[in-house]
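One structure below.
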Number of protein chains: 2
Amino acid sequence: MKACILAVGSEMLTPFRVDTNSLYVTERLNAIGGDVRLKAIVGDDVGELAAVVESALGWADLIVITGGLGPTEDDVTRDAVARALSLPLALDESIVERLRDRFARRGMTMPDINRRQAMVPSGAVVLPNPNGTAPGLWIERGRTAIALLPGPPREMKPMLETLVAERLAPNAGGRGLFRRVLKITGRAESDVDAQAQPVYGKWTSGPVPISTTILAVLGQIELHLTADAASEREAGAALDAAAAELRAVLGPSVYSSDGRNLEAVVGDLLRERGLTIAVAESCTGGLLASRLTDVPGSSDYVERGVVCYSNRSKTELVGVPEELIREHGAVSEPVARAMADGVRERAGTSIGIGVTGIAGPGGGTPQKPVGTVAIAVVADDEARVRTFQFIGGREMVKFQAAQSALNMTRLVVMKAPAAREWAERR
Amino acid sequence: MKACILAVGSEMLTPFRVDTNSLYVTERLNAIGGDVRLKAIVGDDVGELAAVVESALGWADLIVITGGLGPTEDDVTRDAVARALSLPLALDESIVERLRDRFARRGMTMPDINRRQAMVPSGAVVLPNPNGTAPGLWIERGRTAIALLPGPPREMKPMLETLVAERLAPNAGGRGLFRRVLKITGRAESDVDAQAQPVYGKWTSGPVPISTTILAVLGQIELHLTADAASEREAGAALDAAAAELRAVLGPSVYSSDGRNLEAVVGDLLRERGLTIAVAESCTGGLLASRLTDVPGSSDYVERGVVCYSNRSKTELVGVPEELIREHGAVSEPVARAMADGVRERAGTSIGIGVTGIAGPGGGTPQKPVGTVAIAVVADDEARVRTFQFIGGREMVKFQAAQSALNMTRLVVMKAPAAREWAERR
């Protein structure tokens, strides 16, 4: 099934907005064997959108159009598709009725302008929108099906799910591309690839072919495995085996193969083991606590955090001795350790983290350049302290420091060796 | 000048990658009067790319293509454009020479495969690439000019700059689109638009026409003003006047018209006035401190932050009386106020902030549903306390609460009324 995804909206032709809906649409279409060959972004112009739709009619089995279904003059998708297909538009009274009800339930009268949203090209199927006023539309023309979906993701996504389940998947015969992502931290991309390539290289010619892409994002390497399989079950079994093989080779540096991010993995480990945590951070400025508390239910294990931005606050909030700061400097392993110990003791938690460093752009010295960060993670029976040298600007240093602190916490809680030690032990 | 931007690369047709090059290209083209009418993303397929180029030849004055100029079989842009224009490709020995030199300077021999990068459609102008092996190409065909640029931003951007300066701007006559963004917080989109529309509505027909787009993003409304002017200077004067007019109508809810974000605006206000700040946060979990400390130099005014996630930590870290929590609940204005007072007093800062709320998904009650957040900002001579009801999931609630706390701080420091009071006073 060759697919084309069109995003409609002049705002996405400015320097300020990208189309991200198409990523979600692509994932869902891939899963039922859809092959996205072209994506386009078109402004709010009937003629131009109609021309793009017409040209896609020549080759595409499916055209998914998002956006331009609102009630204003700028919302041209209905008109453009009708024009491309030479179909007349007519007012659908049942849509008007639903819109009136929707407004009435909110104690409002439907503005006249919303009647535009009830205009339907002849022969189109109306797709209900439980989360907004714009109904979707489904039109078949020869080999090509055209889906018109609203732009806001919270309206578009559920409508696409229904469309996939009811109309697209039943005709797709189960075959599709299915994905799994292994997330790795604490290692370089080249290092991960050198170790992983001999493993994944042989999968492309297996009974269920799996292709692998390596993506380096900040503080993290991702291995994207894509299985081309006859069913989700077949793909699942092949991807499980593949993920296990990679985990065996890459060791504890793989922190997730089920989509969870690092803070969720750390949170789940803490919860499973009945542990609690407190953090004392300087250069990360609250980011570490914020990431830990992004996880729903984190109040079960996060007791407190302190952001010791001044030296005085390091002493007052977590009891770092002034002499220690004088002797070693605020950015040092002894101070990181004292912060972790101090916050752990005062909070009475199982784990304490201390992070102190130079996020930049100012504050660096030849001995301790911008990007130098000391991190300590302390538990009952274990403590790890390490100094990192991160690259990039202020926000990049903050993120990488928080990422490393979370990863050290993960390894302490799992009592697992870090990647380097793992590699040396093998 | 009607422009079309094409991004080439199958990886951008997966669920993992978006094309962002086009944002930069759009901005540069807009500034010389280029009107981007269509963007498309095409995979590494000669025939499909050629078809898209052919169809753009029918209407575009300029086609900018990024990517697909590498040395491998997957790099099809040269071949596709040659096919669309029916031009023969020939090896350009001078490019081969430059490539050989480039490799030699790195002590390497040029791989044979790189000869592909020296294939040039007949009549094309070669654009030098100081930052990589892929030269760009410039081809004119009737009314349409076609620019082929490499995909990596650090190669593409300087090449585009040269192209704009040497080929595009001289023909554009200085006329272009120039932008300014007004950022507003603490108000609803419809409310801002109702007040702003009568002002900006008349600008479209002025001597320097300015069009205005309103964009609602989380916790913020943006008014994008786009001036169509004969020169950057003319645009600057018109945009200055326009921004001043909108500020007069919208009052202190406009926090920035120079690109700064809210945390930077708050930071600059604190620095200008020689003030310091400390924060005590519960439901935002460190996000407020993290945003404040995202600003370079924020250690000048941020003294400390505490994340009081447990009730015990509220009492221990900032001295909130246990009875106060028992009487009013942890999520209440008295507790927010006590947190702000407590952290301010202990830190000895000019300003203290307290934030306590229910980020969800759990923890809501009928009286205090998920999204309820109490915020207090206390200064020497002023204190503001307010309860908000935010919508959305956990991270959305956290962000909006941090945004509102920053905005209340801005208004306290400026001694400015909030938007509602402003509107009522007028």
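Going through the structure tokens in order, the chains are called A, B, and so on, while each chain numbers its residues from 1 and the ligands are numbered from 1 in the order shown.
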
Could you tell me which residues of chain A sit within 6 Å of chain B when counting only C-alpha atoms, and give me the result as a CSV table (one decimal) with N, CA and C atoms, in the first residue's frame?
chain,number,residue,atom,x,y,z
A,15,PRO,N,8.8,29.7,9.2
A,15,PRO,CA,10.0,29.2,9.9
A,15,PRO,C,9.7,28.6,11.3
A,23,LEU,N,4.5,11.9,11.7
A,23,LEU,CA,5.3,10.8,12.3
A,23,LEU,C,4.4,9.8,12.9
A,26,THR,N,2.6,7.9,10.1
A,26,THR,CA,3.6,7.0,9.4
A,26,THR,C,3.7,5.7,10.3
A,27,GLU,N,3.9,5.8,11.6
A,27,GLU,CA,4.0,4.7,12.4
A,27,GLU,C,2.8,3.8,12.3
A,38,LEU,N,5.7,9.7,0.2
A,38,LEU,CA,5.8,11.2,0.0
A,38,LEU,C,5.0,11.8,1.1
A,39,LYS,N,5.6,12.9,1.7
A,39,LYS,CA,4.9,13.7,2.6
A,39,LYS,C,5.0,15.1,2.0
A,40,ALA,N,3.9,15.9,2.2
A,40,ALA,CA,3.9,17.3,1.7
A,40,ALA,C,3.2,18.2,2.6
A,41,ILE,N,3.6,19.4,2.7
A,41,ILE,CA,3.0,20.4,3.5
A,41,ILE,C,2.5,21.5,2.6
A,42,VAL,N,1.2,21.8,2.6
A,42,VAL,CA,0.6,22.7,1.7
A,42,VAL,C,-0.1,23.8,2.5
A,285,GLY,N,20.4,22.3,38.4
A,285,GLY,CA,19.4,23.4,38.7
A,285,GLY,C,18.0,22.9,38.9
A,286,GLY,N,17.7,21.7,39.2
A,286,GLY,CA,16.3,21.2,39.4
A,286,GLY,C,15.9,20.3,38.3
A,287,LEU,N,16.7,20.2,37.2
A,287,LEU,CA,16.3,19.3,36.1
A,287,LEU,C,16.3,17.8,36.5
A,289,ALA,N,15.6,16.5,39.5
A,289,ALA,CA,14.3,16.3,40.3
A,289,ALA,C,13.1,16.4,39.4
A,290,SER,N,13.2,17.3,38.4
A,290,SER,CA,12.0,17.5,37.5
A,290,SER,C,11.8,16.3,36.6
A,293,THR,N,10.4,13.5,38.7
A,293,THR,CA,9.0,13.7,39.0
A,293,THR,C,8.1,13.9,37.8
A,303,GLU,N,11.4,11.8,47.8
A,303,GLU,CA,11.0,12.4,49.0
A,303,GLU,C,11.2,13.9,48.9
A,304,ARG,N,12.4,14.3,48.4
A,304,ARG,CA,12.7,15.8,48.3
A,304,ARG,C,13.8,16.0,47.3
A,305,GLY,N,14.0,17.2,46.9
A,305,GLY,CA,15.1,17.6,46.2
A,305,GLY,C,15.6,19.0,46.7
A,306,VAL,N,16.9,19.2,46.6
A,306,VAL,CA,17.3,20.6,46.9
A,306,VAL,C,18.2,21.1,45.8
A,307,VAL,N,18.0,22.3,45.4
A,307,VAL,CA,18.9,22.9,44.4
A,307,VAL,C,19.8,23.9,45.1
A,308,CYS,N,21.0,23.5,45.3
A,308,CYS,CA,22.0,24.2,46.0
A,308,CYS,C,22.8,25.1,45.1
A,309,TYR,N,22.3,26.2,44.7
A,309,TYR,CA,22.9,27.0,43.6
A,309,TYR,C,24.1,27.8,44.2
A,310,SER,N,23.9,28.3,45.5
A,310,SER,CA,25.0,29.1,46.1
A,310,SER,C,25.7,28.1,47.0

Helix (DSSP H, G or I) per DSSP on the backbone: members of region 231-387 of chain B, as a count of residues only: 72

Selection: 7 Å around Ala416 (chain A), only C-alpha atoms, excl. self and same-chain fewer than 4 positions, as an MDAnalysis selection string: chainID A and resid 252 411:412

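Once chain B is fitted to chain A over the full set of C-alpha atoms, matched in order, the RMSD stands at 2.2 Å.
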
At what distance in Å, to one decimal, does CA of Arg344 (chain A) lie from CA of Val385 (chain A)? 14.9 Å

Within 9 Å of Arg180 (chain A) using only C-alpha atoms, minus same-chain residues under 5 positions, as a PDB file with N, CA and C atoms, in the first residue's frame:
ATOM      1  N   LEU A 223      18.874   2.094  19.163  1.00  0.00           N
ATOM      2  CA  LEU A 223      18.902   1.114  18.069  1.00  0.00           C
ATOM      3  C   LEU A 223      17.453   0.844  17.677  1.00  0.00           C
ATOM      4  N   HIS A 224      17.072   1.245  16.466  1.00  0.00           N
ATOM      5  CA  HIS A 224      15.713   1.037  15.980  1.00  0.00           C
ATOM      6  C   HIS A 224      15.674  -0.239  15.155  1.00  0.00           C
ATOM      7  N   LEU A 225      14.954  -1.224  15.647  1.00  0.00           N
ATOM      8  CA  LEU A 225      14.814  -2.485  14.919  1.00  0.00           C
ATOM      9  C   LEU A 225      13.466  -2.487  14.208  1.00  0.00           C
ATOM     10  N   THR A 226      13.465  -2.767  12.914  1.00  0.00           N
ATOM     11  CA  THR A 226      12.227  -2.794  12.148  1.00  0.00           C
ATOM     12  C   THR A 226      12.066  -4.174  11.521  1.00  0.00           C
ATOM     13  N   ALA A 227      11.028  -4.901  11.950  1.00  0.00           N
ATOM     14  CA  ALA A 227      10.782  -6.243  11.413  1.00  0.00           C
ATOM     15  C   ALA A 227       9.702  -6.173  10.344  1.00  0.00           C
ATOM     16  N   GLY A 236       6.618  -9.730  16.824  1.00  0.00           N
ATOM     17  CA  GLY A 236       6.912  -9.638  18.253  1.00  0.00           C
ATOM     18  C   GLY A 236       7.919 -10.687  18.692  1.00  0.00           C
ATOM     19  N   LEU A 239      11.330  -9.834  17.216  1.00  0.00           N
ATOM     20  CA  LEU A 239      11.925  -8.654  17.852  1.00  0.00           C
ATOM     21  C   LEU A 239      12.354  -8.969  19.287  1.00  0.00           C
ATOM     22  N   ASP A 240      11.582  -9.800  19.982  1.00  0.00           N
ATOM     23  CA  ASP A 240      11.979 -10.216  21.336  1.00  0.00           C
ATOM     24  C   ASP A 240      13.339 -10.903  21.303  1.00  0.00           C
ATOM     25  N   ALA A 243      16.098  -8.393  20.426  1.00  0.00           N
ATOM     26  CA  ALA A 243      16.412  -7.500  21.543  1.00  0.00           C
ATOM     27  C   ALA A 243      17.223  -8.248  22.595  1.00  0.00           C
ATOM     28  N   SER A 257      13.930  -1.536  26.393  1.00  0.00           N
ATOM     29  CA  SER A 257      13.558  -1.981  25.053  1.00  0.00           C
ATOM     30  C   SER A 257      12.036  -1.994  24.921  1.00  0.00           C
ATOM     31  N   ASP A 258      11.359  -1.284  25.796  1.00  0.00           N
ATOM     32  CA  ASP A 258       9.896  -1.253  25.763  1.00  0.00           C
ATOM     33  C   ASP A 258       9.357   0.177  25.684  1.00  0.00           C
ATOM     34  N   GLY A 259      10.214   1.112  25.261  1.00  0.00           N
ATOM     35  CA  GLY A 259       9.742   2.468  25.069  1.00  0.00           C
ATOM     36  C   GLY A 259       9.917   3.372  26.267  1.00  0.00           C
TER      37      GLY A 259
END

Could you pull the residues within 12 Å of Phe390 (chain B), counting only C-alpha atoms, minus those fewer than 5 positions along the same chain, as a PyMOL selection string? chain B and resi 186+218-219+357-360+368-374+395-404

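If you look at CA of Arg78 (chain B) and CA of Ala60 (chain A), they are 24.7 Å away from each other.
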
So which one's closest to Thr162 (chain B), B:Leu127, B:Ala196, B:Ala376, B:Ala264? Using only C-alpha atoms, please.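 Smallest distance to Thr162 (chain B) is found for B:Leu127.
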
Could you give me, as a short mmCIF file (atom, residue, chain, number, x, y, z; two decimals) with C-alpha atoms, in the first residue's frame, the residues within 12 Å of Gly132 (chain B), counting only C-alpha atoms and dropping anything in the same chain fewer than 5 positions from it?
data_model
loop_
_atom_site.label_atom_id
_atom_site.label_comp_id
_atom_site.auth_asym_id
_atom_site.auth_seq_id
_atom_site.Cartn_x
_atom_site.Cartn_y
_atom_site.Cartn_z
CA LEU B 69 24.09 14.58 -2.71
CA GLY B 70 26.29 12.04 -0.94
CA PRO B 71 28.47 9.48 -2.72
CA ARG B 98 39.06 19.14 -5.32
CA LEU B 99 37.75 15.95 -3.73
CA ARG B 102 40.36 17.22 0.33
CA PHE B 103 40.99 13.55 1.07
CA ASN B 114 33.06 9.69 -4.39
CA GLN B 117 29.68 13.50 -6.36
CA LEU B 127 28.49 25.65 -5.74
CA LEU B 149 22.16 21.64 -1.47
CA PRO B 150 23.63 18.98 0.83
CA GLY B 151 21.53 17.72 3.75
CA PRO B 152 23.79 18.25 6.79
CA PRO B 153 22.92 21.68 8.24
CA ARG B 154 26.52 22.70 8.74
CA GLU B 155 27.14 22.19 5.02
CA MET B 156 23.76 23.41 3.80
CA LYS B 157 23.52 26.66 5.77
CA PRO B 158 26.74 28.40 4.65
CA MET B 159 26.06 27.34 1.07
#

Give me every strand (DSSP E) residue in region 144-337 of chain A, going by DSSP on the backbone, as a PyMOL selection string. chain A and resi 144-149+176-184+210-217+220-229+254-256+277-281+302-308

Contacts of Glu140 (chain B) at 9 Å or less, counting only C-alpha atoms, minus same-chain residues fewer than 6 places along, as a ChimeraX atom specification? /B:123-124,146-147

Could you write out that same residue set with N, CA and C atoms as a PDB file, in the first residue's frame?
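Saved as part31.pdb:
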ATOM      1  N   GLY B 123      25.287  22.177 -18.022  1.00  0.00           N
ATOM      2  CA  GLY B 123      24.847  23.561 -17.857  1.00  0.00           C
ATOM      3  C   GLY B 123      24.720  24.011 -16.417  1.00  0.00           C
ATOM      4  N   ALA B 124      24.910  23.091 -15.466  1.00  0.00           N
ATOM      5  CA  ALA B 124      24.758  23.469 -14.062  1.00  0.00           C
ATOM      6  C   ALA B 124      25.979  24.227 -13.558  1.00  0.00           C
ATOM      7  N   ILE B 146      16.814  26.102  -9.857  1.00  0.00           N
ATOM      8  CA  ILE B 146      16.836  24.942  -8.969  1.00  0.00           C
ATOM      9  C   ILE B 146      18.168  24.909  -8.233  1.00  0.00           C
ATOM     10  N   ALA B 147      18.090  24.878  -6.897  1.00  0.00           N
ATOM     11  CA  ALA B 147      19.306  24.790  -6.091  1.00  0.00           C
ATOM     12  C   ALA B 147      19.362  23.425  -5.434  1.00  0.00           C
TER      13      ALA B 147
END

Expressed in Å to a single decimal, how great is the separation between CA of Arg141 (chain A) and CA of Glu54 (chain A)? 11.3 Å
